[in-house]
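Listing of data.cif; format and content: mmCIF, C-alpha atoms.
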```cif
data_my_file
loop_
_atom_site.label_atom_id
_atom_site.label_comp_id
_atom_site.auth_asym_id
_atom_site.auth_seq_id
_atom_site.Cartn_x
_atom_site.Cartn_y
_atom_site.Cartn_z
CA MET A 122 0.00 0.00 0.00
CA ASN A 123 1.44 3.37 -1.03
CA ASN A 124 1.50 6.62 0.92
CA THR A 125 -1.41 8.23 -0.98
CA SER A 126 -3.83 5.41 -0.18
CA GLU A 127 -2.65 5.38 3.42
CA ARG A 128 -3.32 9.10 3.68
CA PHE A 129 -6.73 8.52 2.09
CA LEU A 130 -7.59 5.84 4.67
CA TYR A 131 -6.48 7.95 7.59
CA GLY A 132 -8.50 10.84 6.11
CA MET A 133 -11.56 8.62 5.97
CA VAL A 134 -11.15 7.58 9.57
CA LEU A 135 -10.75 11.19 10.66
CA LEU A 136 -13.79 12.24 8.58
CA ALA A 137 -15.92 9.50 10.11
CA LEU A 138 -14.85 10.47 13.59
CA ALA A 139 -15.60 14.15 12.86
CA ILE A 140 -19.07 13.27 11.54
CA GLN A 141 -19.77 11.22 14.63
CA ALA A 142 -18.72 14.08 16.83
CA VAL A 143 -20.92 16.59 14.96
CA LEU A 144 -23.84 14.22 15.14
CA VAL A 145 -23.50 13.71 18.82
CA VAL A 146 -23.23 17.40 19.58
CA VAL A 147 -25.23 19.25 16.94
CA VAL A 148 -27.50 17.33 14.61
CA ALA A 149 -30.91 16.10 15.71
CA GLU A 150 -32.75 13.00 14.72
CA PRO A 151 -33.71 11.47 12.20
CA VAL A 152 -31.20 13.02 9.78
CA GLY A 153 -28.60 12.33 12.39
CA ARG A 154 -29.28 8.60 12.41
CA GLY A 155 -28.75 8.38 8.67
CA LEU A 156 -25.58 10.35 8.80
CA ALA A 157 -24.39 8.30 11.73
CA ALA A 158 -24.97 5.12 9.78
CA VAL A 159 -22.95 6.53 6.85
CA ALA A 160 -20.21 7.54 9.21
CA LEU A 161 -20.14 4.09 10.78
CA LEU A 162 -19.95 2.53 7.35
CA VAL A 163 -17.01 4.75 6.40
CA LEU A 164 -15.35 3.85 9.66
CA GLY A 165 -15.90 0.17 9.06
CA VAL A 166 -14.43 0.37 5.55
CA ALA A 167 -11.45 2.26 6.86
CA ALA A 168 -10.93 -0.25 9.69
CA TRP A 169 -11.18 -3.17 7.25
CA SER A 170 -8.65 -1.60 4.95
CA LEU A 171 -6.29 -0.96 7.84
CA ARG A 172 -6.65 -4.56 8.98
CA GLY A 173 -5.81 -5.72 5.48
CA LYS A 174 -2.82 -3.47 5.42
CA LEU A 175 -1.62 -4.83 8.76
CA LEU A 176 -2.08 -8.41 7.60
CA LEU A 177 -0.13 -7.68 4.44
CA SER A 178 2.73 -6.03 6.29
CA ARG A 179 3.12 -8.81 8.92
CA PRO A 180 5.34 -11.14 6.75
CA ALA A 181 7.40 -8.13 5.72
CA VAL A 182 7.86 -7.19 9.36
CA ARG A 183 8.81 -10.78 10.19
CA ALA A 184 11.30 -10.81 7.32
CA LEU A 185 12.68 -7.51 8.54
CA HIS A 186 13.09 -8.91 12.04
CA GLY A 187 14.84 -12.00 10.67
CA HIS A 188 17.10 -9.86 8.55
CA GLN A 189 17.88 -7.66 11.54
CA GLU A 190 18.75 -10.69 13.67
CA ARG A 191 21.00 -12.09 10.95
CA LEU A 192 22.66 -8.70 10.65
CA GLN A 193 23.21 -8.54 14.40
CA THR A 194 24.67 -12.06 14.38
CA THR A 195 27.01 -11.09 11.55
CA ILE A 196 28.02 -7.94 13.42
CA ARG A 197 28.70 -9.98 16.57
CA GLU A 198 30.76 -12.50 14.59
CA LYS A 199 32.74 -9.79 12.82
CA ASP A 200 33.22 -8.00 16.11
CA ALA A 201 34.62 -11.19 17.70
CA GLU A 202 36.90 -11.71 14.70
CA LEU A 203 38.14 -8.12 15.00
CA VAL A 204 38.81 -8.57 18.71
CA VAL A 205 40.86 -11.71 18.00
CA ALA A 206 42.71 -10.00 15.13
CA ASN A 207 43.34 -6.97 17.30
CA GLU A 208 44.77 -9.12 20.10
CA GLN A 209 46.95 -10.95 17.60
CA LEU A 210 48.17 -7.65 16.19
CA LYS A 211 48.93 -6.34 19.69
CA GLU A 212 50.94 -9.48 20.42
CA GLU A 213 52.83 -9.16 17.16
CA ILE A 214 53.60 -5.50 17.86
CA LEU A 215 54.79 -6.40 21.35
CA GLU A 216 56.98 -9.18 19.94
CA GLN A 217 58.39 -6.79 17.34
CA ARG A 218 59.13 -4.15 19.96
CA TRP A 219 60.80 -6.80 22.10
CA THR A 220 62.97 -7.96 19.20
CA ASN A 221 63.94 -4.38 18.37
CA GLN A 222 64.89 -3.54 21.92
CA ALA A 223 66.87 -6.78 22.20
CA LEU A 224 68.82 -5.84 19.08
CA GLU A 225 69.33 -2.30 20.36
CA HIS A 226 70.55 -3.75 23.62
CA GLN A 227 73.02 -5.99 21.80
CA LEU A 228 74.27 -3.09 19.68
CA HIS A 229 74.59 -0.91 22.73
CA TYR A 230 76.52 -3.64 24.52
CA ALA A 231 78.79 -4.14 21.50
CA ASP A 232 79.38 -0.36 21.47
CA LEU A 233 80.25 -0.42 25.15
CA ILE A 234 82.80 -3.16 24.52
CA ILE A 235 84.45 -1.51 21.52
CA ASN A 236 84.46 1.89 23.23
CA SER A 237 86.04 0.48 26.36
CA PHE A 238 89.31 -0.06 24.46
CA ALA A 239 91.80 2.69 25.13
CA ASP A 240 93.53 1.97 21.80
CA PRO A 241 91.93 3.20 18.58
CA ILE A 242 89.85 0.45 16.94
CA CYS A 243 88.45 0.50 13.46
CA VAL A 244 86.40 -2.05 11.54
CA ILE A 245 86.88 -2.09 7.78
CA SER A 246 85.06 -3.80 4.96
CA LYS A 247 86.84 -5.96 2.43
CA ALA A 248 86.69 -2.96 0.12
CA MET A 249 88.78 -1.05 2.71
CA ARG A 250 86.00 1.22 3.85
CA VAL A 251 85.50 2.19 7.47
CA THR A 252 82.35 0.57 8.88
CA ARG A 253 82.77 1.16 12.57
CA VAL A 254 85.14 3.05 14.87
CA ASN A 255 85.52 3.36 18.59
CA ALA A 256 85.54 6.47 20.72
CA SER A 257 89.31 6.39 21.11
CA LEU A 258 89.87 6.55 17.35
CA LEU A 259 87.52 9.52 17.06
CA ARG A 260 89.31 11.24 19.91
CA VAL A 261 92.81 10.87 18.44
CA THR A 262 91.81 11.76 14.89
CA GLY A 263 89.41 14.60 15.76
CA TYR A 264 86.76 13.25 13.40
CA SER A 265 83.13 12.60 14.28
CA GLY A 266 81.61 9.19 13.53
CA PRO A 267 79.65 10.28 10.43
CA GLU A 268 82.79 11.91 9.02
CA VAL A 269 84.69 8.62 8.85
CA VAL A 270 82.15 5.78 8.81
CA GLY A 271 81.53 4.77 5.21
CA GLN A 272 84.68 6.59 4.03
CA PRO A 273 87.77 4.93 2.54
CA LEU A 274 90.23 3.88 5.21
CA GLU A 275 92.91 6.09 3.67
CA ARG A 276 91.12 9.09 5.12
CA ILE A 277 92.45 8.14 8.54
CA LEU A 278 95.18 5.61 7.93
CA ARG A 279 98.10 5.46 5.56
CA ALA A 280 100.16 2.37 5.25
CA ALA A 281 103.86 2.73 5.76
CA PHE A 282 104.59 1.71 2.17
CA GLU A 283 103.58 5.18 1.06
CA ARG A 284 106.74 6.41 2.68
CA GLY A 285 108.78 3.61 1.22
CA GLU A 286 109.09 1.79 4.51
CA SER A 287 107.49 -1.44 3.34
CA GLU A 288 106.60 -3.06 0.04
CA GLY A 289 102.95 -2.75 -1.08
CA ASP A 290 99.90 -2.16 1.06
CA PRO A 291 100.02 -4.94 3.65
CA LEU A 292 96.43 -4.38 4.71
CA ALA A 293 94.81 -4.86 1.34
CA ALA A 294 96.97 -7.91 0.68
CA ALA A 295 96.19 -9.40 4.09
CA LEU A 296 92.44 -8.93 3.62
CA LYS A 297 92.63 -10.43 0.17
CA THR A 298 94.60 -13.46 1.26
CA GLU A 299 92.78 -13.70 4.59
CA ARG A 300 95.83 -13.28 6.75
CA GLU A 301 96.05 -11.52 10.06
CA LEU A 302 98.68 -8.88 10.72
CA ALA A 303 100.46 -7.93 13.88
CA GLU A 304 102.30 -4.75 14.78
CA ARG A 305 102.79 -3.37 11.29
CA PRO A 306 103.92 0.25 10.91
CA ALA A 307 101.38 2.73 9.57
CA TYR A 308 100.41 6.39 9.90
CA LEU A 309 97.28 7.79 11.41
CA VAL A 310 96.03 10.97 9.74
CA SER A 311 94.01 13.34 11.90
CA LYS A 312 91.29 15.70 10.70
CA GLY A 313 93.77 18.55 10.93
CA GLY A 314 96.24 16.65 8.71
CA GLN A 315 98.57 15.71 11.52
CA ILE A 316 100.33 12.41 10.89
CA SER A 317 101.23 10.10 13.76
CA PRO A 318 103.06 6.79 13.48
CA VAL A 319 101.09 3.82 14.77
CA ASN A 320 101.43 0.06 14.79
CA LEU A 321 98.46 -1.73 13.37
CA SER A 322 97.20 -5.23 13.97
CA LEU A 323 94.56 -6.74 11.74
CA SER A 324 92.13 -9.42 12.93
CA LEU A 325 89.78 -11.00 10.45
CA LEU A 326 86.08 -10.89 11.13
CA ARG A 327 84.52 -14.10 9.88
CA GLU A 328 80.89 -14.97 9.44
CA SER A 329 80.01 -18.58 8.70
CA GLY A 330 83.66 -19.20 7.94
CA LYS A 331 83.90 -16.39 5.37
CA VAL A 332 85.93 -13.27 5.96
CA VAL A 333 83.51 -10.36 5.86
CA ALA A 334 85.56 -7.59 7.41
CA GLY A 335 88.71 -6.74 9.30
CA VAL A 336 89.24 -5.26 12.72
CA LEU A 337 92.17 -2.89 13.02
CA ALA A 338 93.68 -2.24 16.40
CA LEU A 339 96.05 0.70 16.35
CA ARG A 340 98.70 1.26 18.92
CA PHE A 341 101.01 4.20 19.29
CA PRO A 342 104.59 3.01 19.49
CA PRO A 343 105.97 3.37 22.97
CA LYS A 344 107.85 6.58 23.48
CA PRO A 345 111.57 5.89 23.71
CA MET A 346 112.56 5.85 27.32
CA PRO A 347 115.08 8.50 28.25
CA ALA A 348 118.50 6.98 28.61
CA PRO A 349 119.30 6.44 32.25
CA LYS A 350 121.83 8.78 33.62
CA LEU A 351 124.86 6.58 34.10
CA PRO A 352 127.31 7.35 36.85
CA ASP A 353 130.52 8.92 35.90
CA THR A 354 132.74 5.94 35.16
CA ASN A 355 135.77 7.88 36.07
CA LEU A 356 134.66 8.09 39.64
CA PRO A 357 135.53 5.23 41.90
CA TYR A 358 132.63 2.90 42.82
CA ARG A 359 131.45 3.53 46.32
CA GLY A 360 129.97 0.46 47.82
CA SER A 361 128.70 -0.08 51.28
CA ARG A 362 131.95 -1.72 52.28
CA GLY A 363 134.24 0.97 51.13
CA THR A 364 135.91 2.23 48.05
CA ILE A 365 137.27 0.07 45.26
CA ALA A 366 140.26 1.66 43.77
CA MET B 90 44.34 -16.40 41.89
CA LYS B 91 46.77 -14.74 39.54
CA LYS B 92 50.40 -15.84 39.82
CA HIS B 93 52.80 -13.08 40.86
CA ILE B 94 55.90 -12.48 38.76
CA LEU B 95 58.70 -10.14 39.73
CA ILE B 96 60.69 -8.53 36.91
CA VAL B 97 64.12 -7.20 37.89
CA ASP B 98 65.88 -5.15 35.24
CA ASP B 99 67.48 -1.73 35.26
CA GLU B 100 66.19 -0.91 31.77
CA GLU B 101 62.71 0.56 31.87
CA THR B 102 61.88 -0.41 28.27
CA ILE B 103 62.58 -4.06 28.97
CA ARG B 104 60.58 -4.04 32.19
CA LYS B 105 57.64 -2.36 30.44
CA LEU B 106 57.64 -4.77 27.50
CA LEU B 107 57.88 -7.83 29.71
CA SER B 108 55.25 -6.45 32.06
CA ASP B 109 52.86 -5.81 29.15
CA ALA B 110 53.38 -9.31 27.79
CA LEU B 111 52.91 -10.97 31.19
CA THR B 112 49.87 -8.87 32.13
CA ARG B 113 48.27 -9.89 28.85
CA GLN B 114 48.78 -13.50 29.94
CA CYS B 115 46.88 -12.72 33.17
CA TYR B 116 49.85 -12.68 35.52
CA ARG B 117 50.21 -10.16 38.33
CA VAL B 118 53.45 -8.30 37.73
CA SER B 119 55.78 -6.31 39.98
CA GLU B 120 58.81 -4.45 38.69
CA ALA B 121 62.12 -3.56 40.32
CA ASN B 122 64.95 -1.61 38.72
CA SER B 123 67.60 -2.71 41.23
CA GLY B 124 68.58 -5.50 43.55
CA ALA B 125 67.54 -3.42 46.57
CA GLY B 126 64.10 -2.73 45.06
CA ALA B 127 63.69 -6.43 44.28
CA LYS B 128 64.51 -7.40 47.86
CA GLU B 129 61.87 -4.98 49.18
CA ILE B 130 59.20 -6.50 46.93
CA ILE B 131 60.26 -10.04 47.80
CA ALA B 132 59.92 -9.25 51.50
CA ALA B 133 56.55 -7.50 51.17
CA ASP B 134 54.87 -9.64 48.52
CA PRO B 135 56.74 -12.87 47.72
CA PRO B 136 56.53 -13.67 44.01
CA ASP B 137 55.80 -17.03 42.41
CA LEU B 138 58.60 -16.50 39.89
CA ILE B 139 61.48 -14.07 39.46
CA LEU B 140 62.61 -12.90 36.07
CA THR B 141 65.94 -11.13 36.42
CA ASP B 142 68.63 -9.47 34.37
CA LEU B 143 72.27 -10.27 35.08
CA GLN B 144 73.82 -6.84 35.23
CA MET B 145 72.37 -4.10 37.39
CA GLU B 146 73.79 -0.98 38.91
CA ASP B 147 73.79 -2.07 42.53
CA THR B 148 74.21 -5.82 42.17
CA ASP B 149 74.24 -8.62 39.66
CA GLY B 150 71.46 -11.10 39.03
CA LEU B 151 73.40 -13.99 40.48
CA ALA B 152 74.09 -12.22 43.78
CA LEU B 153 70.39 -11.42 43.93
CA VAL B 154 69.54 -15.06 43.24
CA GLU B 155 71.80 -16.20 46.09
CA GLU B 156 69.98 -13.84 48.47
CA VAL B 157 66.59 -14.91 47.15
CA ARG B 158 67.47 -18.56 47.67
CA ARG B 159 67.96 -17.91 51.39
CA VAL B 160 64.46 -16.44 51.76
CA LEU B 161 62.51 -18.28 49.05
CA PRO B 162 64.35 -21.49 48.26
CA ASN B 163 61.68 -22.88 45.97
CA VAL B 164 60.80 -19.86 43.85
CA PRO B 165 61.90 -20.43 40.27
CA VAL B 166 64.31 -17.89 38.85
CA LEU B 167 64.63 -17.20 35.14
CA LEU B 168 67.74 -15.30 34.14
CA LEU B 169 67.35 -13.16 31.07
CA THR B 170 70.41 -11.39 29.81
CA GLY B 171 72.14 -10.09 26.73
CA VAL B 172 75.58 -10.29 28.30
CA PHE B 173 76.42 -13.92 27.65
CA PHE B 174 76.44 -15.24 24.16
CA ASP B 175 77.65 -18.78 24.55
CA GLU B 176 74.92 -20.95 26.01
CA ASP B 177 77.27 -23.77 27.00
CA VAL B 178 79.40 -21.35 29.01
CA VAL B 179 76.28 -20.00 30.66
CA ARG B 180 74.94 -23.42 31.56
CA SER B 181 78.21 -24.58 33.04
CA ASN B 182 78.67 -21.38 35.04
CA LEU B 183 75.11 -20.85 36.17
CA GLY B 184 74.10 -24.45 36.64
CA GLY B 185 72.15 -24.85 39.85
CA LYS B 186 71.92 -21.15 40.62
CA VAL B 187 69.02 -20.32 38.34
CA ASN B 188 66.23 -22.53 37.07
CA ALA B 189 66.55 -21.38 33.49
CA TYR B 190 68.57 -19.02 31.36
CA LEU B 191 67.50 -17.27 28.19
CA PRO B 192 69.54 -14.81 26.14
CA LYS B 193 67.84 -11.44 25.54
CA PRO B 194 67.18 -11.88 21.82
CA THR B 195 64.86 -14.79 22.74
CA PRO B 196 61.35 -14.21 21.33
CA LEU B 197 58.70 -13.22 23.86
CA LYS B 198 56.62 -16.28 23.03
CA GLN B 199 59.49 -18.53 24.07
CA ILE B 200 60.01 -16.58 27.29
CA LEU B 201 56.31 -16.94 28.11
CA ARG B 202 56.50 -20.66 27.37
CA GLU B 203 59.48 -21.01 29.71
CA ILE B 204 57.66 -19.08 32.44
CA ARG B 205 54.62 -21.35 32.13
CA ARG B 206 56.91 -24.37 32.32
CA LEU B 207 58.67 -23.08 35.43
CA LEU B 208 55.32 -22.32 37.06
CA GLY B 209 54.14 -25.83 36.28
CA GLU B 210 51.35 -24.62 34.06
CA ASN B 211 50.12 -26.40 30.96
CA THR B 212 51.93 -25.14 27.90
#
```
Just give me the structure of the file as structure tokens.
Amino acid sequence: MNNTSERFLYGMVLLALAIQAVLVVVVAEPVGRGLAAVALLVLGVAAWSLRGKLLLSRPAVRALHGHQERLQTTIREKDAELVVANEQLKEEILEQRWTNQALEHQLHYADLIINSFADPICVISKAMRVTRVNASLLRVTGYSGPEVVGQPLERILRAAFERGESEGDPLAAALKTERELAERPAYLVSKGGQISPVNLSLSLLRESGKVVAGVLALRFPPKPMPAPKLPDTNLPYRGSRGTIA
Amino acid sequence: MKKHILIVDDEETIRKLLSDALTRQCYRVSEANSGAGAKEIIAADPPDLILTDLQMEDTDGLALVEEVRRVLPNVPVLLLTGVFFDEDVVRSNLGGKVNAYLPKPTPLKQILREIRRLLGENT
């Protein structure tokens, strides 16, 4: 039933009620009886039509209720699925954060170890680039980390061969042939261009048996000790028991 | 009744992450950032399990475990640390002092499994 016919029905009901009211209050018999009968008839027709309309709409209402229940069930199911997925996601995020912090902790601990060395330490790739340095190396060269990490090693270290003190670059050869070096002469170049002689030792950094990098430990050669002041040999030795002539 | 777990670690991030994970598993969690703090909690509210780091500012985990053993001899202790890398070395050096050892990169799921095992819960 469309809106126009509904409006018509409601109009009829209202009209019938109005006629009844007028009849009761104003109009006298016998005209009133006739009009009242007409009004009752109109009312009856309207009531019948409304009943029919209600009967017709009942299955639709039931279907609507069923649909609504199904919709609510679906919403509840989806809601439960979302809760489970959300919990899973939270757990994954927590696990990820845990893994990240564990890695950060390991890196931090590795930094603490490498920075605890008083001697300059430098990690180089097989292509002779600086990949990691310790605080001591930064202090003696005057560079900051970003200024040397990723740069060619020659920025901070020159092998002694450049001054003709040894044949060929021992470092490059050692990395290539996977040999370790101990106490080889080299020169450390500071940011200000100052050159200091150092002794370098190379340890090979292996991963799954393959050399992936080298660790350079630099050591400043010990300063020559001042010659002890020897006693004047011309003087006679004075021991506790007297003088030896 | 919820089981009570004491986390002892001087790093707040680690304590927070472990606490979140354990609370989600319906454990009651207390946190201490030092050996002294841990001892206070142990005295006031004895835990069912202690999860401790090895290195702390005022003590180390093993010294703490020795003290705990005097007061709570049967409480399981799980040592969680990033200091040791060689498990065999750890086992031979820590054998008998702690109930279990896990290195810090261990996944949370595995830590939770170990905790359930130490608490005698179904895994």
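Restricting the calculation to all atoms listed in the file, the smallest distance between chain A and any of B:Leu201, B:Val160, B:Leu167, B:Leu208 is found for B:Leu201.
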Two-atom distance - atom CA of A:Leu203, atom CA of A:Gln189 (Å)
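That distance, rounded to one decimal, is 20.6 Å.
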Considering all atoms listed in the file, return as an MDAnalysis selection string whatever protein or nucleic-acid residues lie within 12 Å of A:Pro343, sequence-local ones (same chain, fewer than 5 positions apart) excluded.
chainID A and resid 318:320
Where does the PyMOL selection byres ((chain B) within 10 of (chain A)) land in this file, that is, which residues does it pick, as an MDAnalysis selection string?
chainID B and resid 100 102:103 105:107 109:110 113 170:172 192:198
So how far away is atom CA of B:Thr141 from atom CA of A:Asp232, in Å?
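Going from atom CA of A:Asp232 over to atom CA of B:Thr141 covers 22.8 Å.
Across the chains present, the PyMOL selection byres ((chain A and resi 292) around 8) applied to this file returns Ala280, Asp290, Pro291, Ala293, Ala294, Ala295, Leu296, Leu302 and Leu323 of chain A.
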Do you have the atom CA of B:Pro162-atom CA of B:Arg202 distance handy?
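These atoms are spaced 22.3 Å apart.
With only C-alpha atoms as the atoms that count, the residue of B:Glu129, B:Asp142, B:Asp147, B:Glu156 with the shortest distance to B:Tyr190 is B:Asp142.
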Using all atoms listed in the file, find the one residue out of B:Leu161, B:Val166, B:Ala125, B:Leu151 that sits nearest to B:Leu138.
B:Val166
Got a sec to resolve the PyMOL selection byres ((chain B and resi 121) around 12) on this structure and send the residues as number ranges by chain?
B: 94-101, 103-105, 108, 118-120, 122-131, 139-142, 145, 147, 153
Residue contacts of stretch 157-167 of chain A (7 Å, all atoms listed in the file) excluding same-chain residues fewer than 6 positions away, as a compact mmCIF listing (two decimals) with C-alpha atoms, in the frame of the given file:
```txt
# COMPACT_ATOMS: atom_id res chain seq x y z
CA LEU A 130 -7.59 5.84 4.67
CA MET A 133 -11.56 8.62 5.97
CA VAL A 134 -11.15 7.58 9.57
CA ALA A 137 -15.92 9.50 10.11
CA ILE A 140 -19.07 13.27 11.54
CA GLN A 141 -19.77 11.22 14.63
CA LEU A 144 -23.84 14.22 15.14
```
Determine the nearest neighbour of A:Ser170 from the options A:Val143, A:Glu190, A:Phe129, A:Glu304, counting all atoms listed in the file.
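Result for the nearest residue to A:Ser170: A:Phe129.
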Give, as AutoDock Vina command-line options, the centre coordinates and the x, y and z edge lengths in Å to one decimal for an axis-aligned box around all listed atoms of stretch 108-125 of chain B, padded by 3 Å on each side.
```
--center_x 57.7 --center_y -7.6 --center_z 37.2 --size_x 27.7 --size_y 17.9 --size_z 24.8
```
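Every residue within 9 Å of the file position (49.0, -20.8, 32.9), judged by all atoms listed in the file, is given as Lys92, Gln114, Cys115, Tyr116, Ile204, Arg205, Arg206, Leu208, Gly209, Glu210, Asn211 and Thr212 of chain B.
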Counting all atoms listed in the file, select every polymer residue within 12 Å of (83.0, 5.4, 6.6) as defined in the file's coordinates, and provide the selection as a list in words.
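With a cut-off of 12 Å, the residues come to Cys243, Val244, Ile245, Ser246, Ala248, Met249, Arg250, Val251, Thr252, Arg253, Val254, Tyr264, Ser265, Gly266, Pro267, Glu268, Val269, Val270, Gly271, Gln272, Pro273, Leu274, Glu275, Arg276 and Ile277 of chain A.
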With a distance cut-off of 7 Å and only C-alpha atoms, select the neighbouring residues of A:Leu326, excluding the residue or stretch itself and same-chain residues fewer than 5 positions from it, and output the selection as a PDB file with C-alpha atoms, in the coordinates of the input.
```pdb
ATOM      1  CA  VAL A 332      85.930 -13.270   5.960  1.00  0.00           C
ATOM      2  CA  VAL A 333      83.510 -10.360   5.860  1.00  0.00           C
ATOM      3  CA  ALA A 334      85.560  -7.590   7.410  1.00  0.00           C
ATOM      4  CA  GLY A 335      88.710  -6.740   9.300  1.00  0.00           C
ATOM      5  CA  VAL A 336      89.240  -5.260  12.720  1.00  0.00           C
TER       6      VAL A 336
END
```
